[in-house]
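What's in start_4.cif: mmCIF, C-alpha atoms
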```cif
data_start
loop_
_atom_site.group_PDB
_atom_site.id
_atom_site.type_symbol
_atom_site.label_atom_id
_atom_site.label_comp_id
_atom_site.auth_asym_id
_atom_site.auth_seq_id
_atom_site.Cartn_x
_atom_site.Cartn_y
_atom_site.Cartn_z
ATOM 1 C CA MET B 1 19.159 -6.363 -12.408
ATOM 2 C CA GLY B 2 21.128 -3.668 -10.642
ATOM 3 C CA VAL B 3 24.497 -2.040 -11.158
ATOM 4 C CA GLY B 4 28.076 -3.025 -10.450
ATOM 5 C CA PRO B 5 30.608 -1.352 -8.173
ATOM 6 C CA TRP B 6 30.873 2.437 -8.371
ATOM 7 C CA GLU B 7 33.381 3.561 -10.977
ATOM 8 C CA GLY B 8 35.660 6.481 -10.177
ATOM 9 C CA PRO B 9 36.017 8.501 -6.972
ATOM 10 C CA TRP B 10 33.327 7.788 -4.422
ATOM 11 C CA PRO B 11 30.688 10.525 -3.971
ATOM 12 C CA ASP B 12 30.325 12.490 -0.760
ATOM 13 C CA GLY B 13 27.206 12.323 1.365
ATOM 14 C CA ALA B 14 25.824 10.442 4.355
ATOM 15 C CA HIS B 15 23.167 8.711 2.226
ATOM 16 C CA TRP B 16 25.698 6.635 0.281
ATOM 17 C CA ASP B 17 26.287 3.042 1.423
ATOM 18 C CA PRO B 18 30.005 2.131 1.318
ATOM 19 C CA ALA B 19 29.281 -1.575 0.888
ATOM 20 C CA LEU B 20 27.027 -0.929 -2.095
ATOM 21 C CA LEU B 21 29.528 1.461 -3.647
ATOM 22 C CA ARG B 22 32.210 -1.184 -3.266
ATOM 23 C CA ASP B 23 30.265 -4.295 -4.293
ATOM 24 C CA GLY B 24 27.477 -2.975 -6.493
ATOM 25 C CA ASP B 25 23.752 -2.512 -5.913
ATOM 26 C CA ARG B 26 21.529 -5.427 -7.002
ATOM 27 C CA ARG B 27 18.402 -4.262 -5.175
ATOM 28 C CA ASN B 28 15.034 -3.640 -6.796
ATOM 29 C CA VAL B 29 15.107 0.143 -6.307
ATOM 30 C CA ALA B 30 14.560 3.125 -8.569
ATOM 31 C CA ASP B 31 17.695 4.477 -10.236
ATOM 32 C CA ARG B 32 17.709 7.599 -8.052
ATOM 33 C CA TYR B 33 18.245 5.371 -5.015
ATOM 34 C CA ARG B 34 21.158 3.351 -6.386
ATOM 35 C CA TYR B 35 23.925 2.994 -3.802
ATOM 36 C CA TRP B 36 21.865 4.688 -1.064
ATOM 37 C CA HIS B 37 21.651 2.894 2.276
ATOM 38 C CA ARG B 38 18.172 1.710 3.241
ATOM 39 C CA ASP B 39 17.555 4.262 6.014
ATOM 40 C CA ALA B 40 18.306 7.108 3.601
ATOM 41 C CA VAL B 41 15.818 5.709 1.070
ATOM 42 C CA VAL B 42 13.122 5.407 3.753
ATOM 43 C CA ALA B 43 13.795 8.949 4.970
ATOM 44 C CA ASP B 44 13.447 10.326 1.447
ATOM 45 C CA LEU B 45 10.205 8.427 0.898
ATOM 46 C CA ASP B 46 8.889 9.625 4.260
ATOM 47 C CA ALA B 47 9.387 13.224 3.183
ATOM 48 C CA ARG B 48 6.844 12.804 0.367
ATOM 49 C CA ARG B 49 4.570 9.907 1.240
ATOM 50 C CA HIS B 50 0.947 10.151 0.183
ATOM 51 C CA PRO B 51 -1.650 10.356 2.987
ATOM 52 C CA PHE B 52 -3.533 7.174 2.090
ATOM 53 C CA HIS B 53 -2.967 3.863 3.848
ATOM 54 C CA VAL B 54 -3.576 0.305 2.686
ATOM 55 C CA ALA B 55 -4.945 -2.412 4.958
ATOM 56 C CA ILE B 56 -5.161 -6.122 4.173
ATOM 57 C CA GLU B 57 -7.068 -8.754 6.122
ATOM 58 C CA ASN B 58 -4.831 -11.770 6.700
ATOM 59 C CA TRP B 59 -6.685 -14.863 7.861
ATOM 60 C CA GLY B 60 -5.283 -17.519 5.522
ATOM 61 C CA HIS B 61 -1.777 -16.387 4.541
ATOM 62 C CA ASP B 62 -3.029 -15.000 1.228
ATOM 63 C CA PHE B 63 -0.263 -14.863 -1.390
ATOM 64 C CA ASN B 64 -1.768 -11.618 -2.734
ATOM 65 C CA ILE B 65 -0.640 -9.663 0.320
ATOM 66 C CA GLY B 66 2.902 -9.401 -1.004
ATOM 67 C CA SER B 67 1.602 -8.044 -4.295
ATOM 68 C CA VAL B 68 -0.529 -5.452 -2.497
ATOM 69 C CA VAL B 69 2.427 -4.362 -0.389
ATOM 70 C CA ARG B 70 4.640 -4.021 -3.465
ATOM 71 C CA THR B 71 2.003 -1.839 -5.132
ATOM 72 C CA ALA B 72 1.653 0.263 -1.979
ATOM 73 C CA ASN B 73 5.379 0.933 -2.252
ATOM 74 C CA ALA B 74 5.060 1.894 -5.924
ATOM 75 C CA PHE B 75 2.404 4.480 -5.060
ATOM 76 C CA ASN B 76 4.278 5.541 -1.891
ATOM 77 C CA ALA B 77 1.428 4.912 0.529
ATOM 78 C CA ALA B 78 1.800 6.291 4.044
ATOM 79 C CA ALA B 79 1.848 2.761 5.459
ATOM 80 C CA PHE B 80 0.387 -0.691 5.055
ATOM 81 C CA HIS B 81 -1.605 -2.469 7.733
ATOM 82 C CA VAL B 82 -2.028 -6.201 8.254
ATOM 83 C CA VAL B 83 -5.215 -7.187 10.060
ATOM 84 C CA GLY B 84 -5.417 -10.629 11.626
ATOM 85 C CA ARG B 85 -2.416 -12.929 11.519
ATOM 86 C CA ARG B 86 0.820 -11.047 12.027
ATOM 87 C CA ARG B 87 2.822 -13.332 9.744
ATOM 88 C CA TRP B 88 2.273 -13.060 6.000
ATOM 89 C CA ASN B 89 3.986 -14.371 2.884
ATOM 90 C CA ARG B 90 6.539 -11.704 1.986
ATOM 91 C CA ARG B 91 7.865 -13.258 -1.195
ATOM 92 C CA GLY B 92 5.535 -11.318 -3.476
ATOM 93 C CA ALA B 93 6.585 -8.018 -1.905
ATOM 94 C CA MET B 94 10.076 -8.426 -3.393
ATOM 95 C CA VAL B 95 11.687 -6.759 -0.351
ATOM 96 C CA THR B 96 9.646 -3.548 -0.818
ATOM 97 C CA ASP B 97 8.252 -3.959 2.708
ATOM 98 C CA ARG B 98 11.655 -2.880 4.028
ATOM 99 C CA TYR B 99 11.057 0.615 2.674
ATOM 100 C CA GLN B 100 7.577 1.051 4.160
ATOM 101 C CA HIS B 101 5.888 1.339 7.526
ATOM 102 C CA GLU B 102 4.023 -1.753 8.647
ATOM 103 C CA HIS B 103 1.315 -1.843 11.305
ATOM 104 C CA HIS B 104 -0.470 -4.858 12.731
ATOM 105 C CA HIS B 105 -4.016 -4.992 14.112
ATOM 106 C CA ARG B 106 -5.631 -8.020 15.721
ATOM 107 C CA ASN B 107 -9.003 -7.503 14.087
ATOM 108 C CA ALA B 108 -11.313 -5.035 12.362
ATOM 109 C CA ALA B 109 -12.203 -3.312 15.629
ATOM 110 C CA ASP B 110 -8.530 -2.623 16.345
ATOM 111 C CA LEU B 111 -8.027 -1.118 12.888
ATOM 112 C CA ALA B 112 -11.126 1.038 13.339
ATOM 113 C CA ALA B 113 -9.868 2.239 16.728
ATOM 114 C CA TRP B 114 -6.524 3.195 15.186
ATOM 115 C CA ALA B 115 -8.177 5.019 12.275
ATOM 116 C CA ALA B 116 -10.463 6.961 14.644
ATOM 117 C CA THR B 117 -7.505 8.959 15.995
ATOM 118 C CA ALA B 118 -5.191 8.923 12.940
ATOM 119 C CA GLY B 119 -4.703 11.565 10.280
ATOM 120 C CA GLY B 120 -3.940 15.241 10.525
ATOM 121 C CA GLY B 121 -4.680 16.533 14.006
ATOM 122 C CA GLY B 122 -5.883 13.136 15.162
ATOM 123 C CA SER B 123 -9.351 13.791 13.767
ATOM 124 C CA GLY B 124 -9.610 10.324 12.270
ATOM 125 C CA ILE B 125 -9.519 8.950 8.746
ATOM 126 C CA PRO B 126 -12.208 6.830 7.067
ATOM 127 C CA LEU B 127 -11.892 3.155 6.234
ATOM 128 C CA VAL B 128 -12.756 2.596 2.572
ATOM 129 C CA GLY B 129 -13.512 -1.032 1.826
ATOM 130 C CA ILE B 130 -12.792 -2.478 -1.619
ATOM 131 C CA ASP B 131 -15.106 -5.422 -2.327
ATOM 132 C CA ASN B 132 -17.877 -6.242 -4.790
ATOM 133 C CA VAL B 133 -20.629 -6.894 -2.296
ATOM 134 C CA ALA B 134 -24.290 -5.937 -2.322
ATOM 135 C CA GLY B 135 -24.665 -2.200 -1.817
ATOM 136 C CA SER B 136 -21.086 -1.326 -2.788
ATOM 137 C CA ILE B 137 -20.476 1.736 -4.963
ATOM 138 C CA PRO B 138 -18.400 1.792 -8.187
ATOM 139 C CA ILE B 139 -14.983 3.258 -7.374
ATOM 140 C CA GLU B 140 -15.071 5.007 -10.738
ATOM 141 C CA THR B 141 -17.904 7.256 -9.497
ATOM 142 C CA TYR B 142 -16.714 7.883 -5.936
ATOM 143 C CA ASP B 143 -14.616 10.838 -4.821
ATOM 144 C CA LEU B 144 -11.955 9.195 -2.653
ATOM 145 C CA PRO B 145 -10.975 11.299 0.373
ATOM 146 C CA ARG B 146 -7.406 12.556 0.557
ATOM 147 C CA GLU B 147 -6.758 10.857 3.892
ATOM 148 C CA CYS B 148 -8.166 7.358 3.999
ATOM 149 C CA VAL B 149 -7.416 3.678 4.487
ATOM 150 C CA LEU B 150 -8.082 1.447 1.489
ATOM 151 C CA VAL B 151 -9.103 -1.912 2.963
ATOM 152 C CA LEU B 152 -8.712 -5.150 1.026
ATOM 153 C CA GLY B 153 -9.944 -8.624 1.944
ATOM 154 C CA GLN B 154 -8.745 -12.147 1.262
ATOM 155 C CA GLU B 155 -8.749 -13.534 -2.243
ATOM 156 C CA GLY B 156 -12.081 -15.336 -2.613
ATOM 157 C CA PRO B 157 -14.086 -14.502 0.526
ATOM 158 C CA GLY B 158 -13.282 -10.793 0.411
ATOM 159 C CA LEU B 159 -13.809 -8.546 3.419
ATOM 160 C CA THR B 160 -15.155 -10.125 6.583
ATOM 161 C CA PRO B 161 -18.563 -9.014 7.914
ATOM 162 C CA GLU B 162 -16.761 -7.412 10.852
ATOM 163 C CA MET B 163 -14.622 -5.318 8.518
ATOM 164 C CA LEU B 164 -17.564 -4.349 6.323
ATOM 165 C CA GLU B 165 -19.319 -3.112 9.458
ATOM 166 C CA VAL B 166 -16.562 -0.629 10.363
ATOM 167 C CA CYS B 167 -15.939 0.699 6.835
ATOM 168 C CA HIS B 168 -17.208 4.207 6.092
ATOM 169 C CA VAL B 169 -18.031 3.099 2.553
ATOM 170 C CA VAL B 170 -17.467 0.007 0.411
ATOM 171 C CA LEU B 171 -16.429 0.401 -3.216
ATOM 172 C CA HIS B 172 -16.040 -2.055 -6.038
ATOM 173 C CA VAL B 173 -14.220 -2.041 -9.377
ATOM 174 C CA GLU B 174 -16.759 -2.085 -12.181
ATOM 175 C CA GLN B 175 -16.452 -5.199 -14.355
ATOM 176 C CA PHE B 176 -17.824 -6.073 -17.772
ATOM 177 C CA GLY B 177 -16.861 -9.691 -18.375
ATOM 178 C CA SER B 178 -18.043 -13.066 -17.129
ATOM 179 C CA THR B 179 -15.929 -13.442 -13.977
ATOM 180 C CA ARG B 180 -17.507 -12.562 -10.648
ATOM 181 C CA SER B 181 -14.407 -10.894 -9.229
ATOM 182 C CA ILE B 182 -10.893 -9.817 -10.119
ATOM 183 C CA ASN B 183 -7.675 -10.674 -8.322
ATOM 184 C CA ALA B 184 -7.304 -8.914 -4.956
ATOM 185 C CA GLY B 185 -3.864 -7.610 -5.920
ATOM 186 C CA ALA B 186 -5.287 -6.138 -9.135
ATOM 187 C CA ALA B 187 -8.188 -4.532 -7.275
ATOM 188 C CA ALA B 188 -5.741 -2.953 -4.840
ATOM 189 C CA ALA B 189 -3.667 -1.510 -7.676
ATOM 190 C CA ILE B 190 -6.757 -0.040 -9.330
ATOM 191 C CA ALA B 191 -7.891 1.522 -6.043
ATOM 192 C CA MET B 192 -4.501 3.094 -5.363
ATOM 193 C CA HIS B 193 -4.264 4.419 -8.895
ATOM 194 C CA ALA B 194 -7.748 5.923 -8.549
ATOM 195 C CA TRP B 195 -6.499 7.783 -5.471
ATOM 196 C CA VAL B 196 -3.411 9.009 -7.346
ATOM 197 C CA ARG B 197 -5.482 10.246 -10.295
ATOM 198 C CA ARG B 198 -7.712 12.199 -7.938
ATOM 199 C CA HIS B 199 -5.183 13.687 -5.531
ATOM 200 C CA VAL B 200 -1.901 13.817 -7.450
ATOM 201 C CA PHE B 201 -3.158 14.660 -10.928
ATOM 202 C CA GLY B 202 -6.372 16.396 -9.856
ATOM 203 C CA GLN B 203 -8.716 14.342 -12.013
ATOM 204 C CA SER B 204 -12.077 14.474 -10.224
ATOM 205 C CA VAL B 205 -14.720 11.847 -10.858
ATOM 206 C CA ASP B 206 -17.628 12.606 -13.145
#
```

Before anything else, please render the file you have as structure tokens.
Amino acid sequence: MGVGPWEGPWPDGAHWDPALLRDGDRRNVADRYRYWHRDAVVADLDARRHPFHVAIENWGHDFNIGSVVRTANAFNAAAFHVVGRRRWNRRGAMVTDRYQHEHHHRNAADLAAWAATAGGGGSGIPLVGIDNVAGSIPIETYDLPRECVLVLGQEGPGLTPEMLEVCHVVLHVEQFGSTRSINAGAAAAIAMHAWVRRHVFGQSVD
């Protein structure tokens, strides 16, 4: 994976990383960012980030957190939020966390307090829970708001009662097989893609 040292005269521009040009770029980045230094990549992403956030409850060092963070990078989320334990297993993120903005909140109440004054003009953005609990609504039928926080729980127990209490709405991914739930990382990817379909490609729900 990656490319070797730059061949030919070096290009001009402050975004190029001399060490990468000299030694090659083995990072897991899109081709347009080859040989760019990290700060330049982050700045370019910041200029076009989408206005949805992703939050993950972290009470048991869930291995799925890294996968969720990697997907948040793929969809260029505004930021990802870790609720609960500050430390999380970063292996699954494959270094993508270095190109994103990370926020930590002690508990659901802290996340809710942050969301209450976030968004354009500080008017607040809703917390949208993703969990297949009683009373949840199919995500396929819900019109996701442009500014929102998609909130994911732990693999297995899902969102805590405290988090469910502060969510504006709780959605679930409709299933048709025998399993009770799908992987938390997969649910996160589906939720983010649903947001992209609605607000990037303009496909409203029926």

- Task: Would you please work out which residue, of B:Leu21, B:Ile65, B:Val128, B:Ala187, is nearest to B:Pro9 when using all atoms listed in the file?
- Result: B:Leu21

- Message: What's the separation between atom CA of B:His101 and atom CA of B:Phe80, in Å to one decimal place?
- Response: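 So the two atoms, atom CA of B:His101 and atom CA of B:Phe80, lie 6.4 Å apart.
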
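Atom pair atom CA of B:Gly185 / atom CA of B:Asn64: separated by 5.5 Å.
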
- Point-to-point distance in Å for atom CA of B:Arg90 and atom CA of B:Ala40: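 Atom-to-atom, atom CA of B:Ala40 and atom CA of B:Arg90 are spaced 22.2 Å apart.
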
- Residue IDs satisfying the PyMOL selection byres ((chain B and resi 103-107) around 10), as a PyMOL selection string: chain B and resi 55-59+79-87+100-102+108-114+162-163

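Each of B:Asn76, B:Ser178, B:Ser123, B:Asn28 was compared to B:Trp195 using only C-alpha atoms, and B:Asn76 turns out to be the nearest.
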
- Enumerate, as a VMD selection string, the protein, DNA and RNA residues whose atoms approach (-19.9, 2.9, 3.2) to within 9 Å, taking into account only C-alpha atoms and the coordinate frame of the file. chain B and resid 127 to 129 135 to 137 164 to 171

- Output the residue selection produced by the PyMOL selection byres ((chain B and resi 29-39) around 10) on the file above, formatted as number ranges by chain. B: 1-6, 13-28, 40-45, 74, 95-96, 98-99

- Query: Quick one: of B:Ile182, B:Ile130, B:Ala191, B:Cys148, who's nearest to B:Thr71, counting all atoms listed in the file?
  - Reply: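 Comparing B:Ile182, B:Ile130, B:Ala191, B:Cys148 against B:Thr71, the winner is B:Ala191.
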
- Counting only C-alpha atoms, the option among B:His193, B:Arg198, B:Arg180, B:His53 closest to B:Ala115: B:His53

- Message: Using only C-alpha atoms, which protein or nucleic acid residues come within 8 Å of B:Glu140? Drop anything in the same chain fewer than 4 positions from it, and give the result as a VMD selection string.
- Response: chain B and resid 173 to 174 194 205

Could those residues be written to a file, using C-alpha atoms, as a short mmCIF file (atom, residue, chain, number, x, y, z; two decimals), keeping the file's coordinate frame?
```cif
data_model
loop_
_atom_site.label_atom_id
_atom_site.label_comp_id
_atom_site.auth_asym_id
_atom_site.auth_seq_id
_atom_site.Cartn_x
_atom_site.Cartn_y
_atom_site.Cartn_z
CA VAL B 173 -14.22 -2.04 -9.38
CA GLU B 174 -16.76 -2.08 -12.18
CA ALA B 194 -7.75 5.92 -8.55
CA VAL B 205 -14.72 11.85 -10.86
#
```

- Got a sec to check which residues sit within 9 Å of (6.4, -9.7, -0.9), counting only C-alpha atoms, and write them as JSON, numbers by chain? {"B": [63, 64, 65, 66, 67, 68, 69, 70, 88, 89, 90, 91, 92, 93, 94, 95, 96, 97]}

- Nearest residue to B:Val149 from the set B:Glu7, B:Pro51, B:Phe75, B:Arg197 (distances using all atoms listed in the file):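 Closest candidate: B:Pro51.
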
Find the axis-aligned box for stretch 36-53 of chain B, covering all its listed atoms and adding 5 Å on each side, and write its centre and edge lengths in Å to one decimal as lines of an AutoDock Vina configuration file.
```
center_x = 9.2
center_y = 7.5
center_z = 2.5
size_x = 35.4
size_y = 21.5
size_z = 17.1
```

- Message: Counting only C-alpha atoms, which residue out of B:Ile125, B:Met192, B:Ala134, B:Ala116 sits closest to B:Val54?
- Response: B:Met192
